[in-house]
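Chemist: Got a structure for you, written out below as structure tokens; questions coming shortly.
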Amino acid sequence: MLSLYLILAAFVGLLQAKSSTGDSILVILDNKLNRSDYSLFFDGLEGQGYSLTFRAPGDTTPAIKEHDTPNFDHVIVFAPHTKSFSPDVTPQSLVSSLGKGTNLLLALSQKQNLVNSLASEFSLILPPPQTPLVSHFPAREEPATVIPITPQPNVIVDPDLPPIWFSGIPVAPGNNPLLFPILRAPAESFASDATVDSGADSVLEAADRGGEGLWAGSSSSLITGFQTRNGARATWVGGVELFSDDFAKKHTLGGKKSGNAQLSKDVAAWTFQENLVLRIDSVSHHKLGGSETPEVYTTNDQIVYIAHISKYDPATSSWVPYSGISDLQLEFTMLDPHVRTSLSPVPDTPGEYSVTFRAPDRHGVFKFVIDYRRKGWSTLQSSTTVPVVPPRHDGYPRFLSAAWPYYTGAISTSIGFLLFSLLWLAGGEDKAKTKKE
Amino acid sequence: MAPQKTATKPQTSAPASPVESLWKAYSDNTSKRLKFIDSFLVFLMLSGIVQFLYCILVTNFPFNAFLAGFSSCVGQFVLTASLRSQVNPENKETFKEVSPERAFADFVVGSIVLHFFVFNFLG
């Protein structure tokens, strides 16, 4: 009976794979796009347990945020053909929602619109309008703007993912460290006027003149993730067609089913903070041999630092201890890191990371700092301040081995004095005798 | 009072060198008590030299320990030398009021005070 419940619970959990931040999504869908053309993607999200609210770009309700509080946990903007949005959808409102933890999934447009101008605020360098990505390889029946791409695997893209179809614009990622290219363009592709290849010259000129990005080859990005300092995620996709049923059902050149459905699910899962979400549950520190956290440390103490880290598991909607980080580092800093050491997982305790190190021979106010930033993963940050003091006046070692000659000298003088006195007194009788003699 | 030993100068064998004659004169003309004191003085001097060399050549790091060890040797040497001059019968005229027993008592009290300070300063 119990196992039946467990299976049932696991099944329900599988159905209700949800985000770590919430399950309400606002979809701002273009008037020219039909929901039914993206049914695989949207139905898939609803099947996972998300509640989707659709809204046209011109509608005023439901608002993205009210009274400075976001109404939705996630926002999808698929409006590549829309020129004018309702007043509450502005770059400022999207950015402030992002600052309050709302995740954004945004489709870029071939024309200049709100999402494109927002993208340039996030160090994404967009090509001139009406210059989509073009590739003439491999030879195929589809137009040059509909490109089969074999994705390079990374933390989000599965290595077994079949080739996908893409149609849209590339972006050149700027040097913002928070940017994370999820899908890169094929090496032989470039941004160009769709009708004639000679349009590529104008793109090259624009790149030269502006000194900006070059939208050609694998340096340009098609799906770009951005993770803010508070952990919210925003993803720009070069073309909304990536999520369409057409591309999901379309067969690749090899005759197999394309990977679009899987990739769009993975991208949404990353954007809505289902995957690669970590948190620090607790940190503690104490002296080696003790278990209580002292108020101060003395220089050269052996310090034990322990951190507990959990990862969000979307299958069960819960946080589970996670020991899979192999490159975590701990710094013991006073302005500069005086100690930087690897914080490695404890083998038998899941989620526990521990290190023992010697406090520097330097007193002052120190901090234990964990600052873990990896592309795609949520940032782990922790800082604990502790004072390190010099030993008390009686805390130093008292008798040193280097001083043994001096100790021997002083003790032998005392023993010599005692012996001398004893012999002197003993010899007094001899003296008396000799005197009598 | 220790009786002054009559110097029996052996004329039979001529001394080979000045050092030897000095040594011979010393061993012949000095009483056992003074020789006893002298041997203690030599011991203290050697101990002080050893500590001083260690301080120069190896380390003076616990400097208080060096000061304590070295000054115990020097202080004990001074006290013992004073005792020697006070109990030496040749200095009888200088120390009329000081009997050898009184000199020894002074020596003991001074040494105990010295060692008290030395061991306080050592660690």
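Quick note on naming: the chains in the structure tokens go A, B, ... in the order shown, residues restart at 1 in each chain, and ligands are numbered from 1 in order of appearance.
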Mind checking which residues fall within 12 Å of region 273-276 of chain A, counting only C-alpha atoms, ignoring those fewer than 2 positions away in the same chain, and posting them as a ChimeraX atom specification?
Modeler: /A:16-23,45,48,50,73-74,101-105,154-157,225,227,231-235,265-271,278-279,310-319,322,324-325,373-380
Chemist: Give me the residues of chain B that have any atom at most 6 Å from an atom of chain A; for each, the nearest atom pair and the distance in Å, rounded to one decimal. Use only C-alpha atoms, sort by chain and number, and format it as a Markdown table.
Modeler:
| residue | atom | partner | partner_atom | distance |
| --- | --- | --- | --- | --- |
| B:Ala65 | CA | A:Tyr406 | CA | 5.8 |
| B:Phe66 | CA | A:Tyr406 | CA | 5.5 |
| B:Gly69 | CA | A:Ala410 | CA | 4.5 |
| B:Ser72 | CA | A:Ala410 | CA | 6.0 |
| B:Gly123 | CA | A:Arg398 | CA | 5.9 |
Chemist: The selected residues should be written to file as a PDB file, in the first residue's frame (atoms: N, CA and C atoms).
Modeler:
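Saved file part.pdb follows:
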ATOM      1  N   ALA B  65      65.276  34.349  28.583  1.00  0.00           N
ATOM      2  CA  ALA B  65      65.923  33.131  29.069  1.00  0.00           C
ATOM      3  C   ALA B  65      67.440  33.285  29.022  1.00  0.00           C
ATOM      4  N   PHE B  66      67.926  33.904  27.956  1.00  0.00           N
ATOM      5  CA  PHE B  66      69.374  34.132  27.886  1.00  0.00           C
ATOM      6  C   PHE B  66      69.834  35.034  29.023  1.00  0.00           C
ATOM      7  N   GLY B  69      69.711  33.035  32.307  1.00  0.00           N
ATOM      8  CA  GLY B  69      70.758  32.016  32.421  1.00  0.00           C
ATOM      9  C   GLY B  69      72.134  32.642  32.555  1.00  0.00           C
ATOM     10  N   SER B  72      72.551  34.569  35.833  1.00  0.00           N
ATOM     11  CA  SER B  72      72.698  33.700  36.999  1.00  0.00           C
ATOM     12  C   SER B  72      74.151  33.268  37.136  1.00  0.00           C
ATOM     13  N   GLY B 123      61.272  31.863  32.406  1.00  0.00           N
ATOM     14  CA  GLY B 123      60.253  31.293  31.502  1.00  0.00           C
ATOM     15  C   GLY B 123      59.535  32.353  30.678  1.00  0.00           C
TER      16      GLY B 123
END
Chemist: When you draw a straight line from CA of Pro80 (chain A) to CA of Arg229 (chain A), how long is it in Å?
Modeler: 27.7 Å
Chemist: Any chance you could list, as a ChimeraX atom specification, the residues in region 33-121 of chain B that come up alpha helix (DSSP H) when DSSP is run on the backbone?
Modeler: /B:33-57,63-87,100-121
Chemist: Print the selection's residues with C-alpha atoms to a file, as an mmCIF file, in the first residue's frame.
Modeler:
data_model
loop_
_atom_site.group_PDB
_atom_site.id
_atom_site.type_symbol
_atom_site.label_atom_id
_atom_site.label_comp_id
_atom_site.auth_asym_id
_atom_site.auth_seq_id
_atom_site.Cartn_x
_atom_site.Cartn_y
_atom_site.Cartn_z
ATOM 1 C CA ARG B 33 88.980 25.684 50.561
ATOM 2 C CA LEU B 34 90.088 28.329 48.132
ATOM 3 C CA LYS B 35 90.771 25.703 45.495
ATOM 4 C CA PHE B 36 87.275 24.431 46.062
ATOM 5 C CA ILE B 37 85.882 27.918 45.549
ATOM 6 C CA ASP B 38 88.096 28.362 42.503
ATOM 7 C CA SER B 39 86.803 25.189 40.895
ATOM 8 C CA PHE B 40 83.235 26.447 41.365
ATOM 9 C CA LEU B 41 84.249 29.754 39.808
ATOM 10 C CA VAL B 42 85.747 27.964 36.814
ATOM 11 C CA PHE B 43 82.561 25.970 36.383
ATOM 12 C CA LEU B 44 80.465 29.149 36.442
ATOM 13 C CA MET B 45 82.781 30.862 33.989
ATOM 14 C CA LEU B 46 82.610 27.948 31.524
ATOM 15 C CA SER B 47 78.829 27.776 31.832
ATOM 16 C CA GLY B 48 78.569 31.511 31.121
ATOM 17 C CA ILE B 49 80.897 31.252 28.120
ATOM 18 C CA VAL B 50 78.876 28.371 26.673
ATOM 19 C CA GLN B 51 75.624 30.319 26.984
ATOM 20 C CA PHE B 52 77.145 33.438 25.512
ATOM 21 C CA LEU B 53 78.484 31.521 22.509
ATOM 22 C CA TYR B 54 75.102 29.853 22.020
ATOM 23 C CA CYS B 55 73.475 33.253 22.108
ATOM 24 C CA ILE B 56 75.868 34.677 19.514
ATOM 25 C CA LEU B 57 76.149 31.672 17.229
ATOM 26 C CA PHE B 63 66.056 36.739 25.179
ATOM 27 C CA ASN B 64 64.713 36.724 28.716
ATOM 28 C CA ALA B 65 65.923 33.131 29.069
ATOM 29 C CA PHE B 66 69.374 34.132 27.886
ATOM 30 C CA LEU B 67 69.482 37.060 30.278
ATOM 31 C CA ALA B 68 68.338 34.859 33.152
ATOM 32 C CA GLY B 69 70.758 32.016 32.421
ATOM 33 C CA PHE B 70 73.719 34.246 31.723
ATOM 34 C CA SER B 71 73.124 36.621 34.617
ATOM 35 C CA SER B 72 72.698 33.700 36.999
ATOM 36 C CA CYS B 73 76.218 32.614 36.056
ATOM 37 C CA VAL B 74 77.617 36.129 36.310
ATOM 38 C CA GLY B 75 75.786 36.883 39.583
ATOM 39 C CA GLN B 76 76.804 33.608 41.152
ATOM 40 C CA PHE B 77 80.359 34.242 40.011
ATOM 41 C CA VAL B 78 80.407 37.672 41.655
ATOM 42 C CA LEU B 79 78.915 36.353 44.901
ATOM 43 C CA THR B 80 81.347 33.444 44.999
ATOM 44 C CA ALA B 81 84.281 35.704 44.219
ATOM 45 C CA SER B 82 83.239 37.977 47.104
ATOM 46 C CA LEU B 83 83.058 34.954 49.353
ATOM 47 C CA ARG B 84 86.507 33.948 48.238
ATOM 48 C CA SER B 85 88.018 37.323 49.013
ATOM 49 C CA GLN B 86 86.309 37.451 52.400
ATOM 50 C CA VAL B 87 87.394 34.016 53.552
ATOM 51 C CA PRO B 100 84.078 33.521 57.441
ATOM 52 C CA GLU B 101 80.746 32.271 58.823
ATOM 53 C CA ARG B 102 79.205 35.678 58.360
ATOM 54 C CA ALA B 103 80.665 35.824 54.828
ATOM 55 C CA PHE B 104 79.157 32.430 54.011
ATOM 56 C CA ALA B 105 75.755 33.484 55.366
ATOM 57 C CA ASP B 106 75.861 36.622 53.226
ATOM 58 C CA PHE B 107 76.802 34.473 50.262
ATOM 59 C CA VAL B 108 73.861 32.097 50.841
ATOM 60 C CA VAL B 109 71.307 34.884 51.286
ATOM 61 C CA GLY B 110 72.581 36.744 48.227
ATOM 62 C CA SER B 111 72.506 33.571 46.134
ATOM 63 C CA ILE B 112 68.956 32.686 47.171
ATOM 64 C CA VAL B 113 67.761 36.168 46.235
ATOM 65 C CA LEU B 114 69.646 35.891 42.934
ATOM 66 C CA HIS B 115 68.121 32.529 42.064
ATOM 67 C CA PHE B 116 64.658 33.794 42.989
ATOM 68 C CA PHE B 117 64.977 36.515 40.370
ATOM 69 C CA VAL B 118 66.604 34.212 37.831
ATOM 70 C CA PHE B 119 63.829 31.629 37.906
ATOM 71 C CA ASN B 120 61.161 34.287 37.767
ATOM 72 C CA PHE B 121 62.784 35.696 34.690
#
Chemist: State, in Å with one decimal place, the distance from CA of Ile164 (chain A) to CA of Ser120 (chain A).
Modeler: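 These atoms are spaced 26.2 Å apart.
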Chemist: Between CA of Ser382 (chain A) and CA of Leu343 (chain A), what is the distance in Å, rounded to a tenth?
Modeler: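 CA of Ser382 (chain A) sits 13.0 Å away from CA of Leu343 (chain A).
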Chemist: Looking at A:Ser117, A:Arg184, A:Val237, A:Thr150, which one is nearest to Ile76 (chain A), with distances taken over only C-alpha atoms?
Modeler: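 Closest candidate: A:Val237.
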